[in-house]
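> My questions will all concern the structure given below.
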Amino acid sequence: MTIDSRVAVVGLGYVGLPLAIAFAEAGLDVEGIDVSEARIATLRAGRSPIDDITDDRLQSALSGRLRVETQAEARVGEADAVFVCVPTPINTTKDPDLGPVLAAAGFLRDHVRSGQLLVLQSTTYPGTTMGPFREIVEESGLSAGGDFDLAYAPERVNPGDPASAARDVPRLVGGMTPAATTRAATLLSHINDRVVPLSSPDAAEMAKLLENIFRNVNIAFVNQLALLCERMGLDVWEVIDAAATKPFGFMRFTPGPGVGGHCIPVDPYYLSWRAREFDFVDRFIELAGDINLAMPRHVVDLVAEALNDRGLAIRGANVGVVGVAFKPNVQDDRNSPAAAVIAGIAERGGEVRFHDPHVPTFRDADGVVRDGVDLASLVDWAEVIVVVTDHRAVDWVGLYDSAQLVVDTVNSSDGHELTDRQVLRLGAGWSAGPHAMSERPASR
Ligand SMILES: NC(=O)c1ccc[n+]([C@@H]2O[C@H](COP(=O)([O-])OP(=O)(O)OC[C@H]3O[C@@H](n4cnc5c(N)ncnc54)[C@H](O)[C@@H]3O)[C@@H](O)[C@H]2O)c1
């Protein structure tokens with residue numbers, strides 16, 4: 001059996017960099033390759049561009065078995081196995097943009113050699129590995145399954161959650177042949193305690209999409225429940241906490257200002273696009289997308305409602321946004337719902353500033369770039385604060401002690417002493433004074 005000890009990782013982002021470092025720490029020789037010269041320069045300077053890898057950890061990998069190179073410098077032909085971890089975005093009409101995957105396949109076409117194992121790791125629709133990815137690499141004259149092994153092995157890391165990168169999180173692998181599956185699984189077992197083999201790359205591609213669409217659909221479901229709770233005078237957070245006491249058959253999802261990041265708002269469209277080739281409309285995906293995409297507009301409406309309560313309009317109001325990263329405790333602001341919230345407020349005439357301890361500058365959905373400000377001056381300046389992301393590093397006590405009016409989209413006000421109608425919570429309505437219960441509408 002082939003003993004693979006030299007690995008190349010193509011694409012050194014949130015997925016590829018941790019993978020490359022994990023392999024290097026496991027004692028394999030690793031060549032990390034990226035198309036971006038700026039990224040390679042940053043890495044060579046020992047600065048980690050992602051939250052979950054410390055500079056120290058990067059530097060010790062670089063002084064050990066990891067080297068990082070631009071595509072022009074790369075010697076990918078020397079590797080036994082190549083993992084491809086490039087982005088899989090969608091375009092403005094929400095169709096898959098396979099550009100980076102196809103470019104990486106083209107790079108491998110020019111460098112692949114007989115005997116190598118190629119593993120695609122980017123999240124994508126079923127049929128990518130065996131279809132366009134394979135076809136481009138085979139333009140080299142070498143054939144998959146004969147001259148080189150081919151497999152798909154999705155990534156499960158959840159940035160900001162170190163437990164998701166732990167060895168005991170099982171990995172899925174589907175090879176084109178049983179030999180490819182075994183070979184990829186053997187390699188991944190250096191860094192994962194359990195590798196789950198699947199019958200094909202297509203099955204592994206579909207399993208990864210199932211995981212992410214499951215999240216998207218359930219988030220949409222609780223977002224819709226939040227809107228209903230607002231109308232019925234119920235507190236969706238109380239309702240969810242109550243349901244979550246059931247020890248079986250229930251999984252807790254929470255509402256919010258929308259979904260963001262590289263995965264949840266993007267990956268479902270890979271499947272709905274592919275489904276149409278089979279004359280199949282995936283209504284769950286379309287519906288969940290519709291509901292989640294509408295949430296930022298609802299947040300803008302809540303801001304209008306909060307200001308209206310004080311006899312004010314959005315037009316001309318100073319609106320402070322707290323948190324623009326797409327989720328707590330990370331600097332990743334890709335596809336953040338904050339972009340649509342800020343643009344929506346600005347389009348209605350509001351003046352917007354933001355504070356985020358992890359994000360120094362932020363581009364809204366209309367392309368306007370703003371620099372962040374410190375929390376105290378934001379609270380001082382704003383007539384209303386909108387909480388979009390509840391980072392641990394925000395001084396919540398300071399915020400709720402001093403802000404006069406807050407729209408809280410993530411229940412960050414829970415546990416704080418609030419005055420009557422100080423906070424308007426998504427899915428729950430106004431913060432309550434002692435007699436507030438009687439103000440709620442009776443059930444209709
Ligand atoms: N971020 C996550 O939480 C996560 C989790 C699981 C799976 N995924 C999937 O993993 C894939 C990578 O996502 P990411 O978040 O790491 O992306 P990223 O944008 O953080 O990193 C991708 C890197 O690939 C480089 N790149 C782009 N095209 C290239 C090419 N042709 N050759 C070499 N390098 C190239 C970019 O410069 C960048 O450094 C995506 O398919 C994504 O859906 C992401």
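Following the order of the structure tokens, first chain is A, next is B, and so on, with residues numbered from 1 inside each chain and ligands from 1 in the order they appear.
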Mind the document's chain letters and residue numbers, and return as a PDB file with N, CA and C atoms, in the first residue's frame the residues of segment 169-412 of chain A that DSSP labels strand (DSSP E).


ATOM      1  N   ARG A 171     -14.679  12.554  10.143  1.00  0.00           N
ATOM      2  CA  ARG A 171     -14.549  13.093   8.786  1.00  0.00           C
ATOM      3  C   ARG A 171     -15.206  12.145   7.799  1.00  0.00           C
ATOM      4  N   LEU A 172     -15.852  12.703   6.778  1.00  0.00           N
ATOM      5  CA  LEU A 172     -16.456  11.892   5.725  1.00  0.00           C
ATOM      6  C   LEU A 172     -15.508  11.826   4.527  1.00  0.00           C
ATOM      7  N   VAL A 173     -15.442  10.655   3.891  1.00  0.00           N
ATOM      8  CA  VAL A 173     -14.626  10.500   2.684  1.00  0.00           C
ATOM      9  C   VAL A 173     -15.350   9.617   1.691  1.00  0.00           C
ATOM     10  N   GLY A 174     -15.479  10.117   0.465  1.00  0.00           N
ATOM     11  CA  GLY A 174     -16.024   9.284  -0.605  1.00  0.00           C
ATOM     12  C   GLY A 174     -15.057   9.290  -1.773  1.00  0.00           C
ATOM     13  N   GLY A 175     -14.482   8.149  -2.101  1.00  0.00           N
ATOM     14  CA  GLY A 175     -13.516   8.064  -3.197  1.00  0.00           C
ATOM     15  C   GLY A 175     -14.191   7.563  -4.468  1.00  0.00           C
ATOM     16  N   VAL A 195     -12.744   8.303  10.640  1.00  0.00           N
ATOM     17  CA  VAL A 195     -13.050   8.688   9.265  1.00  0.00           C
ATOM     18  C   VAL A 195     -14.158   7.759   8.767  1.00  0.00           C
ATOM     19  N   VAL A 196     -15.218   8.358   8.222  1.00  0.00           N
ATOM     20  CA  VAL A 196     -16.391   7.586   7.800  1.00  0.00           C
ATOM     21  C   VAL A 196     -16.351   7.447   6.282  1.00  0.00           C
ATOM     22  N   PRO A 197     -16.190   6.220   5.778  1.00  0.00           N
ATOM     23  CA  PRO A 197     -16.140   6.052   4.318  1.00  0.00           C
ATOM     24  C   PRO A 197     -17.531   6.052   3.700  1.00  0.00           C
ATOM     25  N   LEU A 198     -17.661   6.685   2.541  1.00  0.00           N
ATOM     26  CA  LEU A 198     -18.920   6.659   1.787  1.00  0.00           C
ATOM     27  C   LEU A 198     -18.674   5.983   0.450  1.00  0.00           C
ATOM     28  N   ASN A 318     -29.316  59.064  14.349  1.00  0.00           N
ATOM     29  CA  ASN A 318     -28.001  58.452  14.522  1.00  0.00           C
ATOM     30  C   ASN A 318     -28.208  57.012  14.994  1.00  0.00           C
ATOM     31  N   VAL A 319     -27.791  56.061  14.162  1.00  0.00           N
ATOM     32  CA  VAL A 319     -28.036  54.647  14.468  1.00  0.00           C
ATOM     33  C   VAL A 319     -26.682  53.946  14.648  1.00  0.00           C
ATOM     34  N   GLY A 320     -26.481  53.360  15.817  1.00  0.00           N
ATOM     35  CA  GLY A 320     -25.224  52.652  16.108  1.00  0.00           C
ATOM     36  C   GLY A 320     -25.436  51.160  15.991  1.00  0.00           C
ATOM     37  N   VAL A 321     -24.593  50.497  15.202  1.00  0.00           N
ATOM     38  CA  VAL A 321     -24.699  49.042  15.043  1.00  0.00           C
ATOM     39  C   VAL A 321     -23.592  48.391  15.868  1.00  0.00           C
ATOM     40  N   VAL A 322     -23.954  47.424  16.695  1.00  0.00           N
ATOM     41  CA  VAL A 322     -22.953  46.690  17.483  1.00  0.00           C
ATOM     42  C   VAL A 322     -22.817  45.297  16.890  1.00  0.00           C
ATOM     43  N   GLU A 351     -28.155  57.899   9.741  1.00  0.00           N
ATOM     44  CA  GLU A 351     -26.690  58.020   9.769  1.00  0.00           C
ATOM     45  C   GLU A 351     -26.188  56.815  10.576  1.00  0.00           C
ATOM     46  N   VAL A 352     -25.281  55.998   9.997  1.00  0.00           N
ATOM     47  CA  VAL A 352     -24.877  54.769  10.685  1.00  0.00           C
ATOM     48  C   VAL A 352     -23.391  54.789  11.048  1.00  0.00           C
ATOM     49  N   ARG A 353     -23.103  54.407  12.279  1.00  0.00           N
ATOM     50  CA  ARG A 353     -21.727  54.085  12.688  1.00  0.00           C
ATOM     51  C   ARG A 353     -21.782  52.713  13.333  1.00  0.00           C
ATOM     52  N   PHE A 354     -20.602  52.058  13.448  1.00  0.00           N
ATOM     53  CA  PHE A 354     -20.639  50.722  14.053  1.00  0.00           C
ATOM     54  C   PHE A 354     -19.471  50.513  15.004  1.00  0.00           C
ATOM     55  N   HIS A 355     -19.663  49.523  15.881  1.00  0.00           N
ATOM     56  CA  HIS A 355     -18.584  49.059  16.747  1.00  0.00           C
ATOM     57  C   HIS A 355     -18.499  47.546  16.631  1.00  0.00           C
ATOM     58  N   THR A 361     -12.901  47.686   9.782  1.00  0.00           N
ATOM     59  CA  THR A 361     -13.649  48.421   8.747  1.00  0.00           C
ATOM     60  C   THR A 361     -14.661  47.473   8.116  1.00  0.00           C
ATOM     61  N   PHE A 362     -15.756  48.053   7.615  1.00  0.00           N
ATOM     62  CA  PHE A 362     -16.838  47.185   7.125  1.00  0.00           C
ATOM     63  C   PHE A 362     -17.518  47.826   5.925  1.00  0.00           C
ATOM     64  N   ARG A 363     -17.780  46.980   4.923  1.00  0.00           N
ATOM     65  CA  ARG A 363     -18.449  47.435   3.689  1.00  0.00           C
ATOM     66  C   ARG A 363     -19.919  47.002   3.743  1.00  0.00           C
ATOM     67  N   VAL A 369     -18.012  51.943   2.667  1.00  0.00           N
ATOM     68  CA  VAL A 369     -17.067  51.427   3.664  1.00  0.00           C
ATOM     69  C   VAL A 369     -17.008  52.392   4.841  1.00  0.00           C
ATOM     70  N   ARG A 370     -17.133  51.832   6.047  1.00  0.00           N
ATOM     71  CA  ARG A 370     -17.050  52.653   7.262  1.00  0.00           C
ATOM     72  C   ARG A 370     -15.977  52.096   8.174  1.00  0.00           C
ATOM     73  N   ASP A 371     -15.339  52.986   8.953  1.00  0.00           N
ATOM     74  CA  ASP A 371     -14.415  52.558  10.003  1.00  0.00           C
ATOM     75  C   ASP A 371     -15.202  52.401  11.296  1.00  0.00           C
ATOM     76  N   VAL A 384     -30.303  55.327  18.702  1.00  0.00           N
ATOM     77  CA  VAL A 384     -30.713  53.929  18.882  1.00  0.00           C
ATOM     78  C   VAL A 384     -29.523  53.035  18.529  1.00  0.00           C
ATOM     79  N   ILE A 385     -29.360  51.978  19.328  1.00  0.00           N
ATOM     80  CA  ILE A 385     -28.318  50.973  19.059  1.00  0.00           C
ATOM     81  C   ILE A 385     -29.000  49.725  18.516  1.00  0.00           C
ATOM     82  N   VAL A 386     -28.415  49.121  17.486  1.00  0.00           N
ATOM     83  CA  VAL A 386     -28.914  47.840  16.973  1.00  0.00           C
ATOM     84  C   VAL A 386     -27.846  46.790  17.219  1.00  0.00           C
ATOM     85  N   VAL A 387     -28.186  45.763  17.979  1.00  0.00           N
ATOM     86  CA  VAL A 387     -27.225  44.679  18.216  1.00  0.00           C
ATOM     87  C   VAL A 387     -27.442  43.614  17.149  1.00  0.00           C
ATOM     88  N   VAL A 406     -32.434  50.411  22.456  1.00  0.00           N
ATOM     89  CA  VAL A 406     -31.679  49.340  21.802  1.00  0.00           C
ATOM     90  C   VAL A 406     -32.637  48.427  21.046  1.00  0.00           C
ATOM     91  N   VAL A 407     -32.257  48.057  19.810  1.00  0.00           N
ATOM     92  CA  VAL A 407     -32.939  46.967  19.114  1.00  0.00           C
ATOM     93  C   VAL A 407     -32.006  45.767  19.221  1.00  0.00           C
ATOM     94  N   ASP A 408     -32.482  44.730  19.895  1.00  0.00           N
ATOM     95  CA  ASP A 408     -31.638  43.564  20.193  1.00  0.00           C
ATOM     96  C   ASP A 408     -32.116  42.400  19.332  1.00  0.00           C
TER      97      ASP A 408
END

> Give me, as a VMD selection string, the set of residues whose atoms come within 7 Å of any atom of ligand 1, counting only C-alpha atoms and all ligand atoms.

chain A and resid 10 to 16 33 to 36 39 71 85 to 88 100 to 101 103 to 104 121 to 124 154 to 159 262 to 263 267

> Taking only segment 19-82 of chain A into account, list the residues labelled alpha helix (DSSP H) by DSSP (computed from the backbone), as a list in words.

Leu19, Ala20, Ile21, Ala22, Phe23, Ala24, Glu25, Glu37, Ala38, Arg39, Ile40, Ala41, Thr42, Leu43, Arg44, Asp55, Asp56, Arg57, Leu58, Gln59, Ser60, Ala61 and Leu62 of chain A

> Rank nothing, just name the residue among A:Leu142, A:Ile213, A:Leu188, A:Ala151 nearest to His111 of chain A, using only C-alpha atoms.

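Residue with the minimum atom-to-atom distance to His111 of chain A: A:Leu142.
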
> Residues within 10 Å of Gly127 of chain A, please, as an mmCIF file with C-alpha atoms, in the first residue's frame. Count only C-alpha atoms; anything in the same chain fewer than 4 positions from it doesn't count.


data_model
loop_
_atom_site.group_PDB
_atom_site.id
_atom_site.type_symbol
_atom_site.label_atom_id
_atom_site.label_comp_id
_atom_site.auth_asym_id
_atom_site.auth_seq_id
_atom_site.Cartn_x
_atom_site.Cartn_y
_atom_site.Cartn_z
ATOM 1 C CA GLY A 131 -17.698 15.894 -13.244
ATOM 2 C CA PRO A 132 -15.946 19.188 -14.021
ATOM 3 C CA PHE A 133 -13.119 18.784 -11.473
ATOM 4 C CA ARG A 134 -12.113 15.386 -12.785
ATOM 5 C CA SER A 200 -18.818 7.765 -3.771
ATOM 6 C CA PRO A 201 -17.684 11.404 -3.957
ATOM 7 C CA ASP A 202 -21.293 12.350 -4.864
ATOM 8 C CA ALA A 203 -22.641 10.850 -1.618
ATOM 9 C CA GLU A 205 -20.848 16.006 -1.436
ATOM 10 C CA MET A 206 -24.563 15.503 -0.730
ATOM 11 C CA ARG A 274 -28.112 21.181 -9.291
#

> Using only C-alpha atoms for the distances, tell me which of A:Ala376, A:Leu405, A:Ile285, A:Val324 is nearest to Val303 of chain A.

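Once distances to Val303 of chain A are computed over only C-alpha atoms, the minimum belongs to A:Leu405.
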
> One number please: atom CA of Gly32 of chain A to atom CA of Ala179 of chain A, in Å, one decimal.

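Computed distance, atom CA of Gly32 of chain A to atom CA of Ala179 of chain A, equals 25.2 Å.
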